[in-house]
Amino acid sequence: MLAKRIIPCLDIRDGQTVKGINFVNIINVGDPVELGKLYAEQGADELVFLDITATHEGRKTFVELVKKIAQNLDIPFTVGGGISEIKDAEALLAAGADKISINSSAVRNPKLIDDLARNFGSQFVVVAIDAREASNHWTVTVNGGRIPTEKELFSWAKETEDRGAGEILFTSMNHDGTKNGFANKELAKLSDNLSIPIIASGGAGSMEHFAEVFTEGKADAGLAASIFHYREIAIPDLKNYLRGRGISIR
Amino acid sequence: MKIVIIKYNAGNIRSVDFALQRLGVTAIITDDHQEIRNADRVIFPGVGEASTTMGYLKDHKLDILIRDLKQPVLGVCLGLQLMCAHSEEGNTTCLGIFPEKVIKFVRPSEDSITYKIPHMGWNSVSGLKSALFDTVNEEDYFYFVHSFYAASGIDTAATCNYIVPFSAALHRDNFYATQFHPEKSGRTGSKILENFINLKY
């Protein structure tokens, strides 16, 4: 059986791990390579490293960091943040990244998805979508959820698949940071509408939330940050719990 | 021991090199025919599209070279598919080391499980048959990312089930191949690379 994946996400600024609560109030939680290795040993199935550095200098630091991660980690990892052209992706691939994740840049220039998929293959391209619901309408947002766009979640998700996305990482801005559970209804709809894997993000607060996202939410992977960083949930405990619930887990 | 990773127009070469480094092994990444022929072990990795890659191999006469190698050779992912007879991807005639055919995954029209394509993530393998799997357990998990698969056949050395049972690994004479990525499959994956290096030859 294909296992459901547990993915800790590490936000990186200037080469260090941080976590934003609702994308504000950033607190440092350590060295990305060491934390990544620890998660891998504990049974994380994949890791995501998001660079939230905006400066050119920070960017170079990140590419260096990606190489260090690739040398030290024996599980797949995705890197994201600040990828707006082919050459950004190329540098990260050369450094050893397995996948890249694009978000705002794909919204601004959807053709980027086609170009990346053609150059590096769909398996390399994760499209991250942040969306916020108001009066039953899911608006795609950019810049960490701050700026609403013209795009609607479900039609945009379908478009990214048609353009060659290999996976979708969906974050509900309504759920993110709340610890009240994932946006299961929307996740299930995405899973039914699309044929590529869906990674669920935003709202994990308990082990039960992961069980729900894999059953009700039909997600292929569950991503979380703070609950792992602050040791509220240990990955081995989570995996045992999910196995006990009859969910296919490595 | 001299280990060569065949350099060609495909991704993922770096990851294999890093995985070998973690085992304390230094590999040479090259497309030089003499270097490849003289190696004790040859690794043929790859992520990419079959017809383009096969075209590149032919242009560089690497197709004939790989087919004639006598030392242990390990194909990974696209490497496995290119070592088969034919791939549906771009209707490509491949190296023909294994008689198996490479077919595209098709989502079953009616099923209680929603199968996603590509087949991406950790899946268990069984029916382990070659020395590559020494001390690996039945139903251990490996990391897969692919949309095409090698059908089960006489060379199948491990089976994975996703939509259909398919070849997770193939073995014939000195040729070994895995559809999964040992370099990304944690400790179990490292074991595969270690077993390959330690093959009696």
# chains A, B, ... in the order shown; residues from 1 in each chain; ligands from 1
call {"tool": "residues_around", "arguments": {"residues": "Ile227 (chain A)", "least_positions_apart": "3", "cutoff": "9 Å", "atoms": "only C-alpha atoms", "output": "list in words"}}
result
Lys179, Ala204, Gly205, Ser206, Ala224, Tyr230, Arg231, Glu232, Ile233 and Ala234 of chain A
call {"tool": "write_last_selection", "arguments": {"atoms": "C-alpha atoms", "output": "PDB file, in the first residue's frame"}}
result
ATOM      1  CA  LYS A 179      -4.882  24.144  15.442  1.00  0.00           C
ATOM      2  CA  ALA A 204      -2.996  20.648  12.407  1.00  0.00           C
ATOM      3  CA  GLY A 205      -3.355  20.683  16.177  1.00  0.00           C
ATOM      4  CA  SER A 206      -3.788  17.049  17.186  1.00  0.00           C
ATOM      5  CA  ALA A 224       2.648  20.852   9.677  1.00  0.00           C
ATOM      6  CA  TYR A 230       7.482  22.747  19.642  1.00  0.00           C
ATOM      7  CA  ARG A 231       7.283  18.973  20.298  1.00  0.00           C
ATOM      8  CA  GLU A 232       3.544  19.067  20.849  1.00  0.00           C
ATOM      9  CA  ILE A 233       3.325  15.955  18.684  1.00  0.00           C
ATOM     10  CA  ALA A 234       6.212  13.526  18.212  1.00  0.00           C
TER      11      ALA A 234
END
call {"tool": "interface_residues", "arguments": {"of": "chain A", "to": "chain B", "cutoff": "7 Å", "atoms": "only C-alpha atoms", "output": "VMD selection string"}}
result
chain A and resid 1 to 3 70 to 71 74 to 76 96 121 123 195 to 197 250
call {"tool": "write_last_selection", "arguments": {"atoms": "N, CA and C atoms", "output": "CSV table (one decimal), in the first residue's frame"}}
result
chain,number,residue,atom,x,y,z
A,1,MET,N,0.8,-1.2,0.0
A,1,MET,CA,0.0,0.0,0.0
A,1,MET,C,0.9,1.3,0.0
A,2,LEU,N,0.5,2.2,-0.8
A,2,LEU,CA,1.1,3.5,-0.8
A,2,LEU,C,0.8,4.2,0.6
A,3,ALA,N,1.9,4.6,1.3
A,3,ALA,CA,1.7,5.2,2.6
A,3,ALA,C,1.3,6.7,2.5
A,70,ALA,N,20.9,18.4,1.2
A,70,ALA,CA,20.9,17.2,0.3
A,70,ALA,C,22.0,16.2,0.6
A,71,GLN,N,23.2,16.8,1.1
A,71,GLN,CA,24.3,15.9,1.5
A,71,GLN,C,23.9,15.1,2.8
A,74,ASP,N,18.5,11.6,3.9
A,74,ASP,CA,18.3,10.5,3.0
A,74,ASP,C,16.8,10.3,2.7
A,75,ILE,N,16.0,11.3,2.8
A,75,ILE,CA,14.6,11.3,2.4
A,75,ILE,C,14.4,12.5,1.5
A,76,PRO,N,13.3,12.4,0.7
A,76,PRO,CA,13.1,13.5,-0.3
A,76,PRO,C,12.7,14.8,0.4
A,96,GLY,N,20.8,20.0,-5.3
A,96,GLY,CA,20.3,18.6,-4.8
A,96,GLY,C,18.9,18.6,-4.3
A,121,GLY,N,10.6,18.2,-15.5
A,121,GLY,CA,9.6,17.1,-15.2
A,121,GLY,C,8.6,17.5,-14.2
A,123,GLN,N,7.4,15.9,-11.8
A,123,GLN,CA,7.7,15.4,-10.4
A,123,GLN,C,8.5,16.4,-9.6
A,195,SER,N,-6.0,14.6,-10.5
A,195,SER,CA,-5.4,13.3,-10.5
A,195,SER,C,-4.0,13.3,-9.8
A,196,ILE,N,-3.5,14.5,-9.5
A,196,ILE,CA,-2.2,14.6,-8.9
A,196,ILE,C,-2.3,14.6,-7.3
A,197,PRO,N,-1.2,14.2,-6.6
A,197,PRO,CA,-1.3,14.2,-5.2
A,197,PRO,C,-1.6,15.5,-4.5
A,250,ARG,N,4.1,4.4,6.7
A,250,ARG,CA,5.4,3.7,6.6
A,250,ARG,C,5.9,3.4,8.0
call {"tool": "closest_residue", "arguments": {"among": "A:Ser172, A:Asn119, A:Ser105, A:Thr53", "to": "Ala131 (chain A)", "atoms": "only C-alpha atoms"}}
result
A:Ser172
call {"tool": "atom_distance", "arguments": {"atom1": "CA of Trp138 (chain A)", "atom2": "CA of Ile52 (chain A)"}}
result
24.4 Å
call {"tool": "closest_residue", "arguments": {"among": "B:Lys58, B:Arg37, B:Lys104, B:Arg172", "to": "Gln71 (chain B)", "atoms": "only C-alpha atoms"}}
result
B:Arg37
call {"tool": "closest_residue", "arguments": {"among": "B:Ala85, B:Ala177, B:Ile64, B:Leu170", "to": "Lys101 (chain B)", "atoms": "only C-alpha atoms"}}
result
B:Ala85
call {"tool": "closest_residue", "arguments": {"among": "A:Ser104, A:Asn109, A:Ser191, A:Thr17", "to": "Ile147 (chain A)", "atoms": "only C-alpha atoms"}}
result
A:Ser104
call {"tool": "atom_distance", "arguments": {"atom1": "CA of Val66 (chain A)", "atom2": "CA of Leu50 (chain A)"}}
result
10.6 Å
call {"tool": "residues_around", "arguments": {"residues": "Leu92 (chain A)", "least_positions_apart": "6", "cutoff": "8 Å", "atoms": "only C-alpha atoms", "output": "ChimeraX atom specification"}}
result
/A:63,66,79,100
call {"tool": "atom_distance", "arguments": {"atom1": "CA of Leu74 (chain B)", "atom2": "CA of Leu93 (chain A)"}}
result
22.4 Å
call {"tool": "residues_around", "arguments": {"residues": "region 2-8 of chain B", "least_positions_apart": "4", "cutoff": "7 Å", "atoms": "only C-alpha atoms", "output": "NGL selection string"}}
result
:B and (27-31 or 36 or 39-44)
call {"tool": "residues_around", "arguments": {"residues": "Ala151 (chain B)", "least_positions_apart": "6", "cutoff": "9 Å", "atoms": "only C-alpha atoms", "output": "PDB file with C-alpha atoms, in the first residue's frame"}}
result
ATOM      1  CA  GLU B 100      10.006  -6.305 -19.728  1.00  0.00           C
ATOM      2  CA  LYS B 101       7.924  -3.499 -21.216  1.00  0.00           C
ATOM      3  CA  VAL B 102       7.355  -0.068 -19.693  1.00  0.00           C
ATOM      4  CA  ILE B 103       3.723   1.004 -19.538  1.00  0.00           C
ATOM      5  CA  VAL B 164      -1.392  -3.108 -10.717  1.00  0.00           C
ATOM      6  CA  PRO B 165       1.501  -5.227  -9.435  1.00  0.00           C
ATOM      7  CA  PHE B 166       4.664  -4.036 -11.197  1.00  0.00           C
ATOM      8  CA  SER B 167       8.452  -4.518 -11.085  1.00  0.00           C
TER       9      SER B 167
END
call {"tool": "decode", "arguments": {"residues": "region 133-231 of chain A", "atoms": "C-alpha atoms", "output": "CSV table (one decimal), in the first residue's frame"}}
result
chain,number,residue,atom,x,y,z
A,133,GLU,CA,-12.7,31.5,2.3
A,134,ALA,CA,-15.3,34.2,2.6
A,135,SER,CA,-19.1,33.8,1.9
A,136,ASN,CA,-18.4,30.3,0.4
A,137,HIS,CA,-15.9,31.6,-2.1
A,138,TRP,CA,-12.3,30.5,-1.9
A,139,THR,CA,-10.0,33.3,-3.0
A,140,VAL,CA,-6.3,32.5,-3.9
A,141,THR,CA,-4.0,34.8,-2.0
A,142,VAL,CA,-0.3,35.7,-2.5
A,143,ASN,CA,2.5,37.1,-0.3
A,144,GLY,CA,1.9,34.8,2.6
A,145,GLY,CA,-1.9,35.3,2.5
A,146,ARG,CA,-1.7,39.1,2.6
A,147,ILE,CA,-2.9,39.9,-0.9
A,148,PRO,CA,-6.1,38.5,-2.4
A,149,THR,CA,-6.0,37.7,-6.2
A,150,GLU,CA,-8.6,37.3,-8.9
A,151,LYS,CA,-8.2,33.5,-8.9
A,152,GLU,CA,-10.5,31.0,-7.3
A,153,LEU,CA,-9.1,27.9,-5.5
A,154,PHE,CA,-10.6,25.0,-7.5
A,155,SER,CA,-10.3,26.4,-11.0
A,156,TRP,CA,-6.7,27.6,-10.2
A,157,ALA,CA,-5.8,24.1,-8.8
A,158,LYS,CA,-7.1,22.5,-12.0
A,159,GLU,CA,-5.2,24.9,-14.2
A,160,THR,CA,-1.9,24.2,-12.4
A,161,GLU,CA,-2.5,20.5,-13.0
A,162,ASP,CA,-3.2,21.0,-16.7
A,163,ARG,CA,0.0,23.1,-16.9
A,164,GLY,CA,2.1,20.3,-15.5
A,165,ALA,CA,2.2,20.6,-11.7
A,166,GLY,CA,3.2,17.3,-10.1
A,167,GLU,CA,1.6,18.0,-6.7
A,168,ILE,CA,-0.5,20.6,-5.0
A,169,LEU,CA,0.3,21.9,-1.5
A,170,PHE,CA,-2.9,23.6,-0.3
A,171,THR,CA,-3.0,25.9,2.7
A,172,SER,CA,-6.3,27.2,4.0
A,173,MET,CA,-5.6,30.6,5.5
A,174,ASN,CA,-8.8,30.3,7.5
A,175,HIS,CA,-7.3,27.2,9.2
A,176,ASP,CA,-3.6,28.0,9.3
A,177,GLY,CA,-2.4,28.6,12.9
A,178,THR,CA,-5.7,27.8,14.5
A,179,LYS,CA,-4.9,24.1,15.4
A,180,ASN,CA,-8.5,23.3,14.9
A,181,GLY,CA,-8.0,20.8,12.1
A,182,PHE,CA,-7.4,20.9,8.3
A,183,ALA,CA,-9.9,22.2,5.6
A,184,ASN,CA,-11.1,18.6,5.0
A,185,LYS,CA,-14.1,19.4,2.8
A,186,GLU,CA,-12.0,21.5,0.4
A,187,LEU,CA,-9.2,19.0,0.4
A,188,ALA,CA,-11.5,16.2,-0.5
A,189,LYS,CA,-12.9,18.2,-3.3
A,190,LEU,CA,-9.4,18.9,-4.6
A,191,SER,CA,-8.6,15.2,-4.4
A,192,ASP,CA,-11.7,14.3,-6.3
A,193,ASN,CA,-11.2,17.0,-9.0
A,194,LEU,CA,-7.5,16.3,-9.7
A,195,SER,CA,-5.4,13.3,-10.5
A,196,ILE,CA,-2.2,14.6,-8.9
A,197,PRO,CA,-1.3,14.2,-5.2
A,198,ILE,CA,-2.6,16.8,-2.7
A,199,ILE,CA,-0.6,17.9,0.4
A,200,ALA,CA,-2.7,19.3,3.1
A,201,SER,CA,-1.5,22.2,5.1
A,202,GLY,CA,-2.9,24.6,7.8
A,203,GLY,CA,-4.7,23.7,11.0
A,204,ALA,CA,-3.0,20.6,12.4
A,205,GLY,CA,-3.4,20.7,16.2
A,206,SER,CA,-3.8,17.0,17.2
A,207,MET,CA,-3.1,13.5,16.0
A,208,GLU,CA,-6.8,13.1,15.3
A,209,HIS,CA,-6.6,16.0,12.8
A,210,PHE,CA,-4.1,14.0,10.7
A,211,ALA,CA,-6.4,10.9,10.8
A,212,GLU,CA,-9.3,13.1,9.6
A,213,VAL,CA,-7.3,14.7,6.8
A,214,PHE,CA,-6.3,11.3,5.4
A,215,THR,CA,-9.9,9.9,5.6
A,216,GLU,CA,-12.4,12.8,5.3
A,217,GLY,CA,-9.9,15.1,3.6
A,218,LYS,CA,-8.6,12.3,1.2
A,219,ALA,CA,-5.2,14.0,1.3
A,220,ASP,CA,-2.1,12.1,0.2
A,221,ALA,CA,0.2,14.0,2.7
A,222,GLY,CA,-0.2,16.1,5.8
A,223,LEU,CA,2.1,19.0,6.4
A,224,ALA,CA,2.6,20.9,9.7
A,225,ALA,CA,5.3,23.0,11.3
A,226,SER,CA,4.8,24.3,14.9
A,227,ILE,CA,3.3,21.2,16.4
A,228,PHE,CA,6.4,19.3,15.4
A,229,HIS,CA,8.9,22.1,16.2
A,230,TYR,CA,7.5,22.7,19.6
A,231,ARG,CA,7.3,19.0,20.3
